[in-house]
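Data block for target.pdb (PDB, C-alpha atoms):
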```
ATOM      1  CA  MET A   1    -188.480 -46.425-114.818
ATOM      2  CA  GLU A   2    -192.192 -46.969-114.414
ATOM      3  CA  GLY A   3    -194.233 -45.911-117.410
ATOM      4  CA  ARG A   4    -191.211 -46.085-119.697
ATOM      5  CA  SER A   5    -190.551 -48.724-122.315
ATOM      6  CA  TRP A   6    -187.185 -50.429-122.633
ATOM      7  CA  ILE A   7    -185.702 -52.589-125.368
ATOM      8  CA  PHE A   8    -182.892 -55.135-125.229
ATOM      9  CA  ASP A   9    -180.233 -54.248-127.778
ATOM     10  CA  VAL A  10    -178.567 -57.436-129.043
ATOM     11  CA  PHE A  11    -175.755 -55.378-130.584
ATOM     12  CA  ARG A  12    -174.788 -53.509-127.389
ATOM     13  CA  ARG A  13    -175.999 -56.349-125.149
ATOM     14  CA  GLY A  14    -177.989 -54.209-122.782
ATOM     15  CA  TRP A  15    -181.329 -52.563-122.058
ATOM     16  CA  TYR A  16    -181.998 -49.105-123.519
ATOM     17  CA  LEU A  17    -184.834 -46.637-123.223
ATOM     18  CA  LEU A  18    -187.125 -47.091-126.217
ATOM     19  CA  THR A  19    -187.232 -43.562-127.612
ATOM     20  CA  PRO A  20    -188.565 -42.950-131.138
ATOM     21  CA  GLU A  21    -184.984 -42.627-132.418
ATOM     22  CA  GLU A  22    -183.946 -45.839-130.650
ATOM     23  CA  TRP A  23    -186.892 -47.614-132.298
ATOM     24  CA  VAL A  24    -185.622 -46.491-135.713
ATOM     25  CA  ARG A  25    -182.021 -47.476-134.838
ATOM     26  CA  GLN A  26    -183.015 -50.961-133.663
ATOM     27  CA  ASN A  27    -185.329 -51.646-136.587
ATOM     28  CA  PHE A  28    -182.885 -50.356-139.183
ATOM     29  CA  ALA A  29    -180.055 -52.437-137.698
ATOM     30  CA  ARG A  30    -182.326 -55.504-137.847
ATOM     31  CA  TYR A  31    -183.179 -54.690-141.474
ATOM     32  CA  LEU A  32    -179.484 -54.502-142.345
ATOM     33  CA  CYS A  33    -178.937 -57.928-140.783
ATOM     34  CA  ASP A  34    -182.162 -59.791-141.570
ATOM     35  CA  GLY A  35    -183.032 -58.136-144.865
ATOM     36  CA  LEU A  36    -179.653 -57.367-146.417
ATOM     37  CA  GLY A  37    -177.421 -60.031-144.887
ATOM     38  CA  TYR A  38    -175.048 -57.921-142.790
ATOM     39  CA  PRO A  39    -173.594 -59.969-139.907
ATOM     40  CA  GLU A  40    -174.543 -58.624-136.469
ATOM     41  CA  SER A  41    -170.888 -58.799-135.460
ATOM     42  CA  LEU A  42    -169.982 -56.133-138.050
ATOM     43  CA  LEU A  43    -172.435 -53.516-136.759
ATOM     44  CA  LEU A  44    -171.533 -50.985-134.095
ATOM     45  CA  LEU A  45    -174.384 -48.990-132.584
ATOM     46  CA  GLU A  46    -173.764 -45.671-130.885
ATOM     47  CA  GLY A  47    -170.036 -45.763-131.661
ATOM     48  CA  LYS A  48    -168.024 -42.843-130.302
ATOM     49  CA  ILE A  49    -165.984 -40.598-132.569
ATOM     50  CA  THR A  50    -164.141 -37.351-131.927
ATOM     51  CA  HIS A  51    -164.597 -34.463-134.335
ATOM     52  CA  ASN A  52    -163.018 -31.068-133.651
ATOM     53  CA  THR A  53    -162.333 -32.080-130.023
ATOM     54  CA  LEU A  54    -166.023 -32.932-129.516
ATOM     55  CA  THR A  55    -167.117 -36.486-128.789
ATOM     56  CA  ARG A  56    -170.105 -37.605-130.844
ATOM     57  CA  ARG A  57    -171.960 -40.879-131.302
ATOM     58  CA  CYS A  58    -172.646 -42.454-134.677
ATOM     59  CA  ASP A  59    -175.982 -44.266-134.732
ATOM     60  CA  ILE A  60    -174.740 -47.255-136.757
ATOM     61  CA  VAL A  61    -171.358 -48.010-138.284
ATOM     62  CA  VAL A  62    -171.066 -51.086-140.490
ATOM     63  CA  PHE A  63    -167.617 -52.606-140.926
ATOM     64  CA  ASN A  64    -166.311 -54.955-143.596
ATOM     65  CA  ARG A  65    -164.622 -58.233-142.686
ATOM     66  CA  LYS A  66    -161.251 -56.453-142.695
ATOM     67  CA  GLY A  67    -162.438 -54.234-139.834
ATOM     68  CA  GLN A  68    -162.721 -51.094-141.945
ATOM     69  CA  PRO A  69    -165.815 -48.901-141.705
ATOM     70  CA  GLU A  70    -167.918 -49.178-144.874
ATOM     71  CA  ILE A  71    -171.297 -47.659-144.022
ATOM     72  CA  LEU A  72    -172.384 -44.857-141.717
ATOM     73  CA  VAL A  73    -176.066 -44.630-140.748
ATOM     74  CA  GLU A  74    -177.737 -41.612-139.173
ATOM     75  CA  CYS A  75    -181.114 -42.354-137.576
ATOM     76  CA  LYS A  76    -183.731 -39.789-136.673
ATOM     77  CA  ALA A  77    -187.120 -40.193-135.016
ATOM     78  CA  PRO A  78    -190.018 -40.729-137.453
ATOM     79  CA  GLU A  79    -191.389 -37.228-136.874
ATOM     80  CA  VAL A  80    -188.043 -35.611-137.786
ATOM     81  CA  LEU A  81    -187.773 -34.369-141.345
ATOM     82  CA  LEU A  82    -184.621 -35.407-143.145
ATOM     83  CA  ASN A  83    -183.119 -32.180-144.418
ATOM     84  CA  GLN A  84    -179.801 -30.509-145.194
ATOM     85  CA  LYS A  85    -178.979 -30.305-141.473
ATOM     86  CA  THR A  86    -179.202 -34.115-141.258
ATOM     87  CA  PHE A  87    -176.940 -34.575-144.278
ATOM     88  CA  ASP A  88    -174.461 -32.015-142.879
ATOM     89  CA  GLN A  89    -174.347 -33.957-139.596
ATOM     90  CA  ILE A  90    -173.556 -37.304-141.223
ATOM     91  CA  SER A  91    -171.002 -35.601-143.493
ATOM     92  CA  ARG A  92    -169.169 -34.186-140.455
ATOM     93  CA  TYR A  93    -169.093 -37.642-138.871
ATOM     94  CA  ASN A  94    -167.756 -39.066-142.102
ATOM     95  CA  MET A  95    -164.807 -36.658-141.991
ATOM     96  CA  VAL A  96    -163.582 -38.906-139.171
ATOM     97  CA  LEU A  97    -164.584 -42.317-140.576
ATOM     98  CA  GLY A  98    -164.188 -41.886-144.332
ATOM     99  CA  VAL A  99    -166.798 -44.451-145.400
ATOM    100  CA  ARG A 100    -168.032 -44.870-148.965
ATOM    101  CA  LEU A 101    -171.721 -45.232-148.164
ATOM    102  CA  LEU A 102    -173.931 -42.920-146.099
ATOM    103  CA  LEU A 103    -177.470 -43.815-145.040
ATOM    104  CA  VAL A 104    -179.963 -41.421-143.503
ATOM    105  CA  THR A 105    -183.302 -42.667-142.179
ATOM    106  CA  ASN A 106    -186.183 -41.654-139.968
ATOM    107  CA  GLY A 107    -187.767 -45.080-140.261
ATOM    108  CA  LEU A 108    -190.173 -43.829-142.910
ATOM    109  CA  ASN A 109    -187.809 -42.333-145.462
ATOM    110  CA  HIS A 110    -184.348 -43.607-146.304
ATOM    111  CA  TYR A 111    -181.578 -42.055-148.376
ATOM    112  CA  CYS A 112    -178.509 -43.955-149.486
ATOM    113  CA  ILE A 113    -175.545 -41.960-150.792
ATOM    114  CA  LYS A 114    -172.491 -43.483-152.423
ATOM    115  CA  LEU A 115    -169.368 -41.340-152.183
ATOM    116  CA  ASP A 116    -166.507 -41.303-154.663
ATOM    117  CA  PRO A 117    -163.364 -40.231-152.777
ATOM    118  CA  GLU A 118    -161.366 -39.777-155.994
ATOM    119  CA  THR A 119    -163.714 -37.210-157.530
ATOM    120  CA  SER A 120    -165.358 -35.966-154.297
ATOM    121  CA  GLY A 121    -168.615 -36.752-156.063
ATOM    122  CA  TYR A 122    -171.658 -38.569-154.796
ATOM    123  CA  ALA A 123    -174.746 -40.325-156.082
ATOM    124  CA  PHE A 124    -178.060 -41.172-154.457
ATOM    125  CA  LEU A 125    -178.722 -44.895-154.817
ATOM    126  CA  LYS A 126    -182.211 -46.284-155.420
ATOM    127  CA  GLU A 127    -181.651 -49.128-152.961
ATOM    128  CA  ILE A 128    -179.342 -50.060-150.127
ATOM    129  CA  PRO A 129    -176.652 -52.530-151.237
ATOM    130  CA  SER A 130    -176.619 -55.978-149.667
ATOM    131  CA  PHE A 131    -173.706 -57.225-147.598
ATOM    132  CA  LEU A 132    -172.573 -59.484-150.442
ATOM    133  CA  SER A 133    -172.385 -56.568-152.885
ATOM    134  CA  ILE A 134    -170.495 -54.401-150.384
ATOM    135  CA  GLU A 135    -168.033 -57.224-149.692
ATOM    136  CA  ALA A 136    -167.475 -57.721-153.421
ATOM    137  CA  GLN A 137    -166.750 -53.989-153.872
ATOM    138  CA  SER A 138    -164.517 -53.901-150.802
ATOM    139  CA  SER A 139    -162.386 -56.786-152.098
ATOM    140  CA  GLU A 140    -161.911 -54.947-155.415
ATOM    141  CA  VAL A 141    -160.391 -51.905-153.688
ATOM    142  CA  ILE A 142    -156.651 -52.210-153.128
TER     143      ILE A 142
END
```

Have the structure of the file written as structure tokens, please.
Amino acid sequence: MEGRSWIFDVFRRGWYLLTPEEWVRQNFARYLCDGLGYPESLLLLEGKITHNTLTRRCDIVVFNRKGQPEILVECKAPEVLLNQKTFDQISRYNMVLGVRLLLVTNGLNHYCIKLDPETSGYAFLKEIPSFLSIEAQSSEVI
């Protein structure tokens, strides 16, 4: 443990090795809470899912107040380029969760994609929606 840096994760309530990807995950989760108003209690970091009999971990899943997943975030280390492979990965995870909003970040670049399940279409958003706007949209859906 000597020579390694650790960070206390308030979401998982424990100490974790501070890798470049963990730095991005922690800072992006804080941005969602402090900058966009998402309650800490609605974020799940490193949540397990099973896809094609394989267990995977989602970097961040954001739930609405009804307990339904709304946002899926894939975090990469700053030196990792965000490319088609990254988008394919988050899309596979979303086959399990079925969220409407996908976020991909390496801490330097961020992409926000809104999915339309009715048309199977998608659109890149210019900014990440706040918690209040997501809650308003979620209450409109029946």

Taking the file as I've supplied it (selection: the PyMOL selection byres ((chain A and resi 19-24) around 10)), which residues are included? Please answer as an NGL selection string. :A and (4-7 or 9 or 16-18 or 25-30 or 59 or 74-80 or 105-108)

- Query: Got a sec to resolve the PyMOL selection byres ((chain A and resi 89-92) around 8) on this structure and send the residues as a list in words?
  - Reply: His51, Leu72, Val73, Glu74, Lys85, Thr86, Phe87, Asp88, Tyr93, Asn94, Met95, Val96, Leu102 and Val104 of chain A

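Considering all atoms listed in the file, the residue among A:Leu54, A:Leu82, A:Leu115, A:Leu42 positioned nearest to Gln68 (chain A) is A:Leu42.
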
Taking all listed atoms of region 105-114 of chain A, build the axis-aligned box, pad each of the six sides by 3 Å, then write its centre and edge lengths in Å to one decimal as JSON.
```
{"center_x": -181.3, "center_y": -43.4, "center_z": -146.2, "size_x": 23.7, "size_y": 9.4, "size_z": 18.5}
```

Quick one: which residues end up in the PyMOL selection byres ((chain A and resi 134) around 10) for this structure, as a PyMOL selection string?
-> chain A and resi 38+64+70-71+100-101+128-133+135-140

(message) Need to verify the contact set: Arg56 (chain A), 10 Å, all atoms listed in the file, exclusion of same-chain residues closer than 6 positions in sequence. Can you return it as JSON, numbers by chain?
(response) {"A": [46, 47, 48, 49, 50, 93]}

The selected residues should be written to file as a PDB file, keeping the file's coordinate frame (atoms: C-alpha atoms).
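The file below, part-v7.pdb, is the result:
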```pdb
ATOM      1  CA  GLU A  46    -173.764 -45.671-130.885  1.00  0.00           C
ATOM      2  CA  GLY A  47    -170.036 -45.763-131.661  1.00  0.00           C
ATOM      3  CA  LYS A  48    -168.024 -42.843-130.302  1.00  0.00           C
ATOM      4  CA  ILE A  49    -165.984 -40.598-132.569  1.00  0.00           C
ATOM      5  CA  THR A  50    -164.141 -37.351-131.927  1.00  0.00           C
ATOM      6  CA  TYR A  93    -169.093 -37.642-138.871  1.00  0.00           C
TER       7      TYR A  93
END
```

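Ranking A:Cys33, A:Leu81, A:Phe11, A:Leu97 by their shortest atom-to-atom distance to His110 (chain A), with only C-alpha atoms included, puts A:Leu81 first.
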
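In this model, the gap between CA of Thr55 (chain A) and CA of Gly98 (chain A) comes to 16.7 Å.
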
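Note that the spacing between CA of Gly35 (chain A) and CA of Tyr111 (chain A) amounts to 16.5 Å.
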
N, CA and C atoms restored at region 67-102 of chain A, emitted as an mmCIF file, keeping the file's coordinate frame:
```cif
data_model
loop_
_atom_site.group_PDB
_atom_site.id
_atom_site.type_symbol
_atom_site.label_atom_id
_atom_site.label_comp_id
_atom_site.auth_asym_id
_atom_site.auth_seq_id
_atom_site.Cartn_x
_atom_site.Cartn_y
_atom_site.Cartn_z
ATOM 1 N N GLY A 67 -162.372 -55.146 -140.978
ATOM 2 C CA GLY A 67 -162.438 -54.234 -139.834
ATOM 3 C C GLY A 67 -162.460 -52.767 -140.213
ATOM 4 N N GLN A 68 -162.668 -52.476 -141.483
ATOM 5 C CA GLN A 68 -162.721 -51.094 -141.945
ATOM 6 C C GLN A 68 -164.167 -50.633 -142.016
ATOM 7 N N PRO A 69 -164.438 -49.395 -141.600
ATOM 8 C CA PRO A 69 -165.815 -48.901 -141.705
ATOM 9 C C PRO A 69 -166.216 -48.734 -143.168
ATOM 10 N N GLU A 70 -167.405 -49.236 -143.493
ATOM 11 C CA GLU A 70 -167.918 -49.178 -144.874
ATOM 12 C C GLU A 70 -169.156 -48.303 -144.994
ATOM 13 N N ILE A 71 -170.007 -48.361 -143.960
ATOM 14 C CA ILE A 71 -171.297 -47.659 -144.022
ATOM 15 C C ILE A 71 -171.504 -46.889 -142.722
ATOM 16 N N LEU A 72 -172.023 -45.674 -142.864
ATOM 17 C CA LEU A 72 -172.384 -44.857 -141.717
ATOM 18 C C LEU A 72 -173.875 -44.559 -141.831
ATOM 19 N N VAL A 73 -174.614 -44.827 -140.750
ATOM 20 C CA VAL A 73 -176.066 -44.630 -140.748
ATOM 21 C C VAL A 73 -176.422 -43.593 -139.701
ATOM 22 N N GLU A 74 -177.201 -42.607 -140.101
ATOM 23 C CA GLU A 74 -177.737 -41.612 -139.173
ATOM 24 C C GLU A 74 -179.235 -41.843 -139.064
ATOM 25 N N CYS A 75 -179.700 -42.082 -137.835
ATOM 26 C CA CYS A 75 -181.114 -42.354 -137.576
ATOM 27 C C CYS A 75 -181.751 -41.168 -136.876
ATOM 28 N N LYS A 76 -182.930 -40.830 -137.309
ATOM 29 C CA LYS A 76 -183.731 -39.789 -136.673
ATOM 30 C C LYS A 76 -185.079 -40.387 -136.306
ATOM 31 N N ALA A 77 -185.770 -39.766 -135.391
ATOM 32 C CA ALA A 77 -187.120 -40.193 -135.016
ATOM 33 C C ALA A 77 -188.051 -40.009 -136.214
ATOM 34 N N PRO A 78 -189.116 -40.804 -136.296
ATOM 35 C CA PRO A 78 -190.018 -40.729 -137.453
ATOM 36 C C PRO A 78 -190.600 -39.340 -137.717
ATOM 37 N N GLU A 79 -190.793 -38.556 -136.676
ATOM 38 C CA GLU A 79 -191.389 -37.228 -136.874
ATOM 39 C C GLU A 79 -190.376 -36.181 -137.334
ATOM 40 N N VAL A 80 -189.093 -36.542 -137.372
ATOM 41 C CA VAL A 80 -188.043 -35.611 -137.786
ATOM 42 C C VAL A 80 -187.897 -35.639 -139.306
ATOM 43 N N LEU A 81 -187.978 -34.464 -139.904
ATOM 44 C CA LEU A 81 -187.773 -34.369 -141.345
ATOM 45 C C LEU A 81 -186.289 -34.511 -141.660
ATOM 46 N N LEU A 82 -185.998 -35.253 -142.705
ATOM 47 C CA LEU A 82 -184.621 -35.407 -143.145
ATOM 48 C C LEU A 82 -184.317 -34.240 -144.081
ATOM 49 N N ASN A 83 -183.408 -33.382 -143.645
ATOM 50 C CA ASN A 83 -183.119 -32.180 -144.418
ATOM 51 C C ASN A 83 -181.612 -31.957 -144.519
ATOM 52 N N GLN A 84 -181.218 -30.798 -145.006
ATOM 53 C CA GLN A 84 -179.801 -30.509 -145.194
ATOM 54 C C GLN A 84 -179.024 -30.611 -143.884
ATOM 55 N N LYS A 85 -179.639 -30.223 -142.783
ATOM 56 C CA LYS A 85 -178.979 -30.305 -141.473
ATOM 57 C C LYS A 85 -178.591 -31.753 -141.154
ATOM 58 N N THR A 86 -179.475 -32.694 -141.483
ATOM 59 C CA THR A 86 -179.202 -34.115 -141.258
ATOM 60 C C THR A 86 -178.029 -34.582 -142.110
ATOM 61 N N PHE A 87 -178.023 -34.177 -143.382
ATOM 62 C CA PHE A 87 -176.940 -34.575 -144.278
ATOM 63 C C PHE A 87 -175.618 -33.922 -143.873
ATOM 64 N N ASP A 88 -175.679 -32.680 -143.372
ATOM 65 C CA ASP A 88 -174.461 -32.015 -142.879
ATOM 66 C C ASP A 88 -173.898 -32.767 -141.675
ATOM 67 N N GLN A 89 -174.776 -33.224 -140.788
ATOM 68 C CA GLN A 89 -174.347 -33.957 -139.596
ATOM 69 C C GLN A 89 -173.611 -35.240 -139.973
ATOM 70 N N ILE A 90 -174.193 -36.041 -140.853
ATOM 71 C CA ILE A 90 -173.556 -37.304 -141.223
ATOM 72 C C ILE A 90 -172.268 -37.041 -142.004
ATOM 73 N N SER A 91 -172.223 -35.955 -142.758
ATOM 74 C CA SER A 91 -171.002 -35.601 -143.493
ATOM 75 C C SER A 91 -169.871 -35.234 -142.536
ATOM 76 N N ARG A 92 -170.191 -34.517 -141.467
ATOM 77 C CA ARG A 92 -169.169 -34.186 -140.455
ATOM 78 C C ARG A 92 -168.632 -35.458 -139.799
ATOM 79 N N TYR A 93 -169.527 -36.378 -139.465
ATOM 80 C CA TYR A 93 -169.093 -37.642 -138.871
ATOM 81 C C TYR A 93 -168.210 -38.413 -139.840
ATOM 82 N N ASN A 94 -168.530 -38.319 -141.114
ATOM 83 C CA ASN A 94 -167.756 -39.066 -142.102
ATOM 84 C C ASN A 94 -166.370 -38.472 -142.331
ATOM 85 N N MET A 95 -166.156 -37.230 -141.925
ATOM 86 C CA MET A 95 -164.807 -36.658 -141.991
ATOM 87 C C MET A 95 -163.852 -37.462 -141.118
ATOM 88 N N VAL A 96 -164.378 -38.078 -140.081
ATOM 89 C CA VAL A 96 -163.582 -38.906 -139.171
ATOM 90 C C VAL A 96 -163.456 -40.329 -139.705
ATOM 91 N N LEU A 97 -164.562 -40.901 -140.196
ATOM 92 C CA LEU A 97 -164.584 -42.317 -140.576
ATOM 93 C C LEU A 97 -164.176 -42.589 -142.018
ATOM 94 N N GLY A 98 -164.545 -41.714 -142.933
ATOM 95 C CA GLY A 98 -164.188 -41.886 -144.332
ATOM 96 C C GLY A 98 -164.815 -43.090 -145.008
ATOM 97 N N VAL A 99 -166.107 -43.331 -144.759
ATOM 98 C CA VAL A 99 -166.798 -44.451 -145.400
ATOM 99 C C VAL A 99 -167.200 -44.082 -146.816
ATOM 100 N N ARG A 100 -167.602 -45.091 -147.578
ATOM 101 C CA ARG A 100 -168.032 -44.870 -148.965
ATOM 102 C C ARG A 100 -169.543 -44.790 -149.120
ATOM 103 N N LEU A 101 -170.267 -45.179 -148.059
ATOM 104 C CA LEU A 101 -171.721 -45.232 -148.164
ATOM 105 C C LEU A 101 -172.353 -44.577 -146.940
ATOM 106 N N LEU A 102 -173.215 -43.598 -147.170
ATOM 107 C CA LEU A 102 -173.931 -42.920 -146.099
ATOM 108 C C LEU A 102 -175.412 -43.247 -146.216
#
```
